[in-house]
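One structure below.
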Amino acid sequence: MDLNADLGEGFGRWELTDDAALLRIVTSANVACGFHAGDPVTLRRVCALAAESGVRIGAQVSYRDLPGFGRREIDVPPEELAAEVAYQIGALRVFAEAAGSAVSYVKPHGALYHRAGRDPVQAAAVVEGARLAGVATVLTQLGSELDRTAARAGMRVVGEAFADRAYLGNGRLVARGLPGALLEPAAAVAQALDLAVDGAVTAIDGTRTPIAAASICVHGDGPDAVAVAASIRATLDERGIDVEAFS
């Protein structure tokens with residue numbers, strides 16, 4: 001099972017994620033590319049740390065929304081969005097390759113993740129942007145519009161699930177603004193184990209919901225992110241589940 005986290009989500013003197021600590025735990029790093037967070041110095045530093053730690057680097061692309069941290073939905077024309085996705089991947093690639101690594105996959109962030117998951121036009125733009133930049137793997141929820149669009153385009157899709165987010169009975173995430181959307185640390189660890197062992201979660205309404213995934217995400221911007229990620233990895237190790245980057 002792969003363990004991924006969102007990293008590099010600072011800007012200038014403002015730091016949000018403990019990148020160094022998380023990179024000692026996770027196996028894949030979704031690196032902010034400057035549109036919702038991240039700046040050139042941060043991108044370079046995170047890529048160097050990831051390469052040193054043997055952690056796979058992915059591009060966490062977003063709407064152009066620094067003030068809103070990429071969590072506001074924006075109606076971007078598809079040709080513009082495709083170009084912006086490619087632009088972000090290109091920026092990250094410079095630093096990944098300088099560190100002796102590469103950009104192995106793309107994962108949308110925030111509002112773009114959810115919009116591309118249900119909107120075929122925005123999903124196609126994300127896929128086109130990734131293809132323009134030469135990235136052939138997408139990390140997203142299976143069964144989403146982005147999953148289907150990427151698969152039709154011949155791209156590899158790696159299924160993702162979330163340790164620290166609550167699910168609805170239909171397999172979608174509970175919206176961030178709703179009560180119970182964010183799980184407490186102990187619940188996040190338990191859900192990660194559930195996903196790895198049973199491929200299912202207990203939804204917010206109590207129903208048992210299957211969630212197929214090869215990668216589990218821990219959001220790096222939470223105050224307990226490092227502790228939660230470490231506990232998840234330790235728990236999976238104790239159960240004999242190999243924690244390694246998706247092949």
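Each chain of the structure tokens is named A, B, ... in the order shown, its residues numbered from 1; ligands are numbered from 1 in display order.
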
Using only C-alpha atoms, what does the table of range 101-158 of chain A residues within 10 Å of range 42-63 of chain A look like, with each row giving the shortest atom pair and its distance in Å to one decimal, sorted by chain and ascending number, as JSON lines?
{"residue": "A:Ser101", "atom": "CA", "partner": "A:Ala51", "partner_atom": "CA", "distance": 5.9}
{"residue": "A:Ala102", "atom": "CA", "partner": "A:Ile57", "partner_atom": "CA", "distance": 6.6}
{"residue": "A:Val103", "atom": "CA", "partner": "A:Gly58", "partner_atom": "CA", "distance": 5.3}
{"residue": "A:Ser104", "atom": "CA", "partner": "A:Gly58", "partner_atom": "CA", "distance": 5.5}
{"residue": "A:Tyr105", "atom": "CA", "partner": "A:Gly58", "partner_atom": "CA", "distance": 4.7}
{"residue": "A:Val106", "atom": "CA", "partner": "A:Ala59", "partner_atom": "CA", "distance": 4.7}
{"residue": "A:Lys107", "atom": "CA", "partner": "A:Gln60", "partner_atom": "CA", "distance": 4.9}
{"residue": "A:Pro108", "atom": "CA", "partner": "A:Val61", "partner_atom": "CA", "distance": 4.8}
{"residue": "A:His109", "atom": "CA", "partner": "A:Ser62", "partner_atom": "CA", "distance": 5.2}
{"residue": "A:Gly110", "atom": "CA", "partner": "A:Ser62", "partner_atom": "CA", "distance": 7.1}
{"residue": "A:Ala111", "atom": "CA", "partner": "A:Tyr63", "partner_atom": "CA", "distance": 7.6}
{"residue": "A:Leu112", "atom": "CA", "partner": "A:Ser62", "partner_atom": "CA", "distance": 5.9}
{"residue": "A:Tyr113", "atom": "CA", "partner": "A:Ser62", "partner_atom": "CA", "distance": 8.0}
{"residue": "A:Val126", "atom": "CA", "partner": "A:Val61", "partner_atom": "CA", "distance": 8.8}
{"residue": "A:Gly129", "atom": "CA", "partner": "A:Val61", "partner_atom": "CA", "distance": 10.0}
{"residue": "A:Ala130", "atom": "CA", "partner": "A:Ala59", "partner_atom": "CA", "distance": 9.5}
{"residue": "A:Val135", "atom": "CA", "partner": "A:Ala59", "partner_atom": "CA", "distance": 9.4}
{"residue": "A:Thr137", "atom": "CA", "partner": "A:Gly58", "partner_atom": "CA", "distance": 9.3}
{"residue": "A:Val138", "atom": "CA", "partner": "A:Gly58", "partner_atom": "CA", "distance": 9.2}
{"residue": "A:Leu139", "atom": "CA", "partner": "A:Gly58", "partner_atom": "CA", "distance": 8.8}

Give me a file of those residues, with C-alpha atoms, as an mmCIF file, in the first residue's frame.
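The resulting file, out.cif, is reproduced below:
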data_model
loop_
_atom_site.group_PDB
_atom_site.id
_atom_site.type_symbol
_atom_site.label_atom_id
_atom_site.label_comp_id
_atom_site.auth_asym_id
_atom_site.auth_seq_id
_atom_site.Cartn_x
_atom_site.Cartn_y
_atom_site.Cartn_z
ATOM 1 C CA SER A 101 14.242 12.347 -9.597
ATOM 2 C CA ALA A 102 11.193 12.883 -11.834
ATOM 3 C CA VAL A 103 7.527 13.868 -11.746
ATOM 4 C CA SER A 104 5.863 10.458 -11.714
ATOM 5 C CA TYR A 105 2.187 11.358 -11.519
ATOM 6 C CA VAL A 106 -0.342 14.155 -11.289
ATOM 7 C CA LYS A 107 -2.984 14.663 -8.604
ATOM 8 C CA PRO A 108 -5.376 17.627 -8.634
ATOM 9 C CA HIS A 109 -5.779 19.574 -5.402
ATOM 10 C CA GLY A 110 -8.836 20.813 -3.558
ATOM 11 C CA ALA A 111 -11.630 22.231 -5.668
ATOM 12 C CA LEU A 112 -10.036 21.002 -8.893
ATOM 13 C CA TYR A 113 -9.882 17.451 -7.496
ATOM 14 C CA VAL A 126 -6.568 17.947 -16.529
ATOM 15 C CA GLY A 129 -2.492 19.111 -19.391
ATOM 16 C CA ALA A 130 -0.818 16.038 -17.964
ATOM 17 C CA VAL A 135 2.988 12.617 -17.347
ATOM 18 C CA THR A 137 -0.189 8.529 -14.403
ATOM 19 C CA VAL A 138 -3.088 10.101 -12.500
ATOM 20 C CA LEU A 139 -3.755 9.642 -8.783
#

Would you kindly return, as a short mmCIF file (atom, residue, chain, number, x, y, z; two decimals) with N, CA and C atoms, in the first residue's frame, each protein, DNA or RNA residue with an atom no farther than 8 Å from any atom of Thr149 in chain A, considering only C-alpha atoms and excluding same-chain residues fewer than 2 positions away?
data_model
loop_
_atom_site.label_atom_id
_atom_site.label_comp_id
_atom_site.auth_asym_id
_atom_site.auth_seq_id
_atom_site.Cartn_x
_atom_site.Cartn_y
_atom_site.Cartn_z
N PRO A 120 -16.86 16.15 -16.79
CA PRO A 120 -16.04 15.57 -17.85
C PRO A 120 -15.20 16.58 -18.61
N ALA A 123 -12.28 17.38 -16.30
CA ALA A 123 -11.45 16.17 -16.24
C ALA A 123 -10.60 16.03 -17.50
N ALA A 124 -11.22 16.28 -18.65
CA ALA A 124 -10.48 16.19 -19.91
C ALA A 124 -9.37 17.21 -19.99
N VAL A 127 -6.46 15.95 -17.88
CA VAL A 127 -5.78 14.88 -18.62
C VAL A 127 -4.94 15.45 -19.76
N GLU A 145 -15.07 10.82 -12.57
CA GLU A 145 -14.99 11.22 -13.97
C GLU A 145 -13.54 11.33 -14.43
N LEU A 146 -12.66 11.79 -13.54
CA LEU A 146 -11.24 11.87 -13.90
C LEU A 146 -10.66 10.48 -14.13
N ASP A 147 -11.05 9.53 -13.33
CA ASP A 147 -10.63 8.14 -13.52
C ASP A 147 -11.04 7.67 -14.90
N ALA A 151 -8.46 6.98 -18.10
CA ALA A 151 -8.37 5.62 -18.62
C ALA A 151 -8.67 5.57 -20.11
N ARG A 152 -9.68 6.33 -20.54
CA ARG A 152 -10.01 6.37 -21.98
C ARG A 152 -8.87 6.96 -22.80
N ALA A 153 -8.09 7.85 -22.17
CA ALA A 153 -6.97 8.49 -22.87
C ALA A 153 -5.71 7.61 -22.84
#

Could you find all residues in range 14-244 of chain A that DSSP calls alpha helix (DSSP H) from the backbone, and write them as a VMD selection string? chain A and resid 19 to 22 40 to 53 78 to 98 110 to 118 120 to 132 145 to 152 185 to 198 225 to 238

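CA of Ala29 in chain A lies 28.2 Å from CA of Pro77 in chain A.
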
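One finds CA of Ala161 in chain A at 5.7 Å from CA of Ala213 in chain A.
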
Here is a test: counting only C-alpha atoms, which residue of A:Arg115, A:Ala214, A:Ala227, A:Leu173 is nearest to Val243 in chain A? A:Ala214

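If you count only C-alpha atoms and ignore residues fewer than 5 places along the chain from Thr235 in chain A, what sits within 10 Å of it is Val189, Ala190, Ala192, Leu193, Ala229, Ala230, Gly240 and Ile241 of chain A.
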
Write the residues of the selection above to a file with N, CA and C atoms, as a short mmCIF file (atom, residue, chain, number, x, y, z; two decimals), in the first residue's frame.
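Writing done, so here's selection-v3.cif:
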data_model
loop_
_atom_site.label_atom_id
_atom_site.label_comp_id
_atom_site.auth_asym_id
_atom_site.auth_seq_id
_atom_site.Cartn_x
_atom_site.Cartn_y
_atom_site.Cartn_z
N VAL A 189 -6.46 6.71 11.71
CA VAL A 189 -5.61 5.52 11.72
C VAL A 189 -6.45 4.26 11.51
N ALA A 190 -7.59 4.20 12.19
CA ALA A 190 -8.47 3.04 12.05
C ALA A 190 -9.01 2.93 10.63
N ALA A 192 -7.57 4.05 7.87
CA ALA A 192 -6.48 3.63 6.99
C ALA A 192 -6.28 2.12 7.04
N LEU A 193 -6.33 1.56 8.23
CA LEU A 193 -6.20 0.11 8.36
C LEU A 193 -7.36 -0.61 7.69
N ALA A 229 0.27 10.29 10.25
CA ALA A 229 0.98 9.53 9.21
C ALA A 229 1.89 8.48 9.84
N ALA A 230 2.60 8.86 10.91
CA ALA A 230 3.49 7.91 11.58
C ALA A 230 2.70 6.75 12.19
N GLY A 240 1.70 -6.37 9.00
CA GLY A 240 2.39 -7.05 7.92
C GLY A 240 2.05 -6.54 6.55
N ILE A 241 1.55 -5.31 6.46
CA ILE A 241 1.19 -4.70 5.18
C ILE A 241 2.36 -3.86 4.70
#

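Minimum atom-to-atom distances from A:Pro67, A:Gly180, A:Val41, A:Gly143 to Gly12 in chain A were compared using only C-alpha atoms, and the lowest value belongs to A:Val41.
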
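Counting from CA of Val76 in chain A, the distance to CA of Gly222 in chain A is 28.3 Å.
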
Skipping near chain neighbours, those fewer than 6 positions away, what residues fall within 7 Å of range 194-201 of chain A using only C-alpha atoms, listed as a PDB file with C-alpha atoms, in the first residue's frame?
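The result, stored in selection19.pdb:
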ATOM      1  CA  MET A   1       0.000   0.000   0.000  1.00  0.00           C
ATOM      2  CA  ARG A 208     -20.240  -0.244   4.979  1.00  0.00           C
ATOM      3  CA  THR A 209     -18.872   1.196   1.733  1.00  0.00           C
ATOM      4  CA  PRO A 210     -16.261  -0.481  -0.514  1.00  0.00           C
ATOM      5  CA  ILE A 211     -13.380   1.814  -1.530  1.00  0.00           C
ATOM      6  CA  ALA A 212     -10.728   0.316  -3.818  1.00  0.00           C
TER       7      ALA A 212
END

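Taking range 118-200 of chain A and asking which residues DSSP calls strand (DSSP E) on the backbone, you get Thr137, Val138, Leu139, Thr140, Arg156, Val157, Val158, Gly159, Glu160, Ala161, Phe162 and Ala200 of chain A.
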
Using N, CA and C atoms, can you write the selected residues to a file as a CSV table (one decimal), in the first residue's frame?
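again13.csv written:
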chain,number,residue,atom,x,y,z
A,137,THR,N,0.5,9.2,-15.5
A,137,THR,CA,-0.2,8.5,-14.4
A,137,THR,C,-1.0,9.6,-13.6
A,138,VAL,N,-2.2,9.2,-13.3
A,138,VAL,CA,-3.1,10.1,-12.5
A,138,VAL,C,-3.4,9.4,-11.2
A,139,LEU,N,-3.3,10.1,-10.1
A,139,LEU,CA,-3.8,9.6,-8.8
A,139,LEU,C,-5.1,10.3,-8.4
A,140,THR,N,-6.1,9.5,-8.3
A,140,THR,CA,-7.5,10.0,-8.0
A,140,THR,C,-8.4,8.9,-7.5
A,156,ARG,N,-2.5,5.7,-17.1
A,156,ARG,CA,-2.6,4.8,-15.9
A,156,ARG,C,-3.3,5.6,-14.8
A,157,VAL,N,-4.2,4.9,-14.1
A,157,VAL,CA,-5.0,5.5,-13.0
A,157,VAL,C,-4.6,4.7,-11.8
A,158,VAL,N,-4.2,5.4,-10.7
A,158,VAL,CA,-3.9,4.8,-9.4
A,158,VAL,C,-5.0,5.3,-8.5
A,159,GLY,N,-5.7,4.3,-7.9
A,159,GLY,CA,-6.8,4.6,-7.0
A,159,GLY,C,-6.4,5.1,-5.7
A,160,GLU,N,-7.0,6.2,-5.2
A,160,GLU,CA,-6.7,6.8,-4.0
A,160,GLU,C,-7.9,6.8,-3.0
A,161,ALA,N,-7.5,6.7,-1.7
A,161,ALA,CA,-8.5,6.8,-0.6
A,161,ALA,C,-7.9,7.7,0.4
A,162,PHE,N,-8.8,8.2,1.3
A,162,PHE,CA,-8.4,9.2,2.3
A,162,PHE,C,-8.5,8.7,3.7
A,200,ALA,N,-12.5,-1.1,2.4
A,200,ALA,CA,-13.9,-0.5,2.7
A,200,ALA,C,-13.7,0.5,3.9

Ala181 in chain A proximity check over A:Glu238, A:His219, A:Tyr167, A:Phe35, using only C-alpha atoms: winner is A:Tyr167
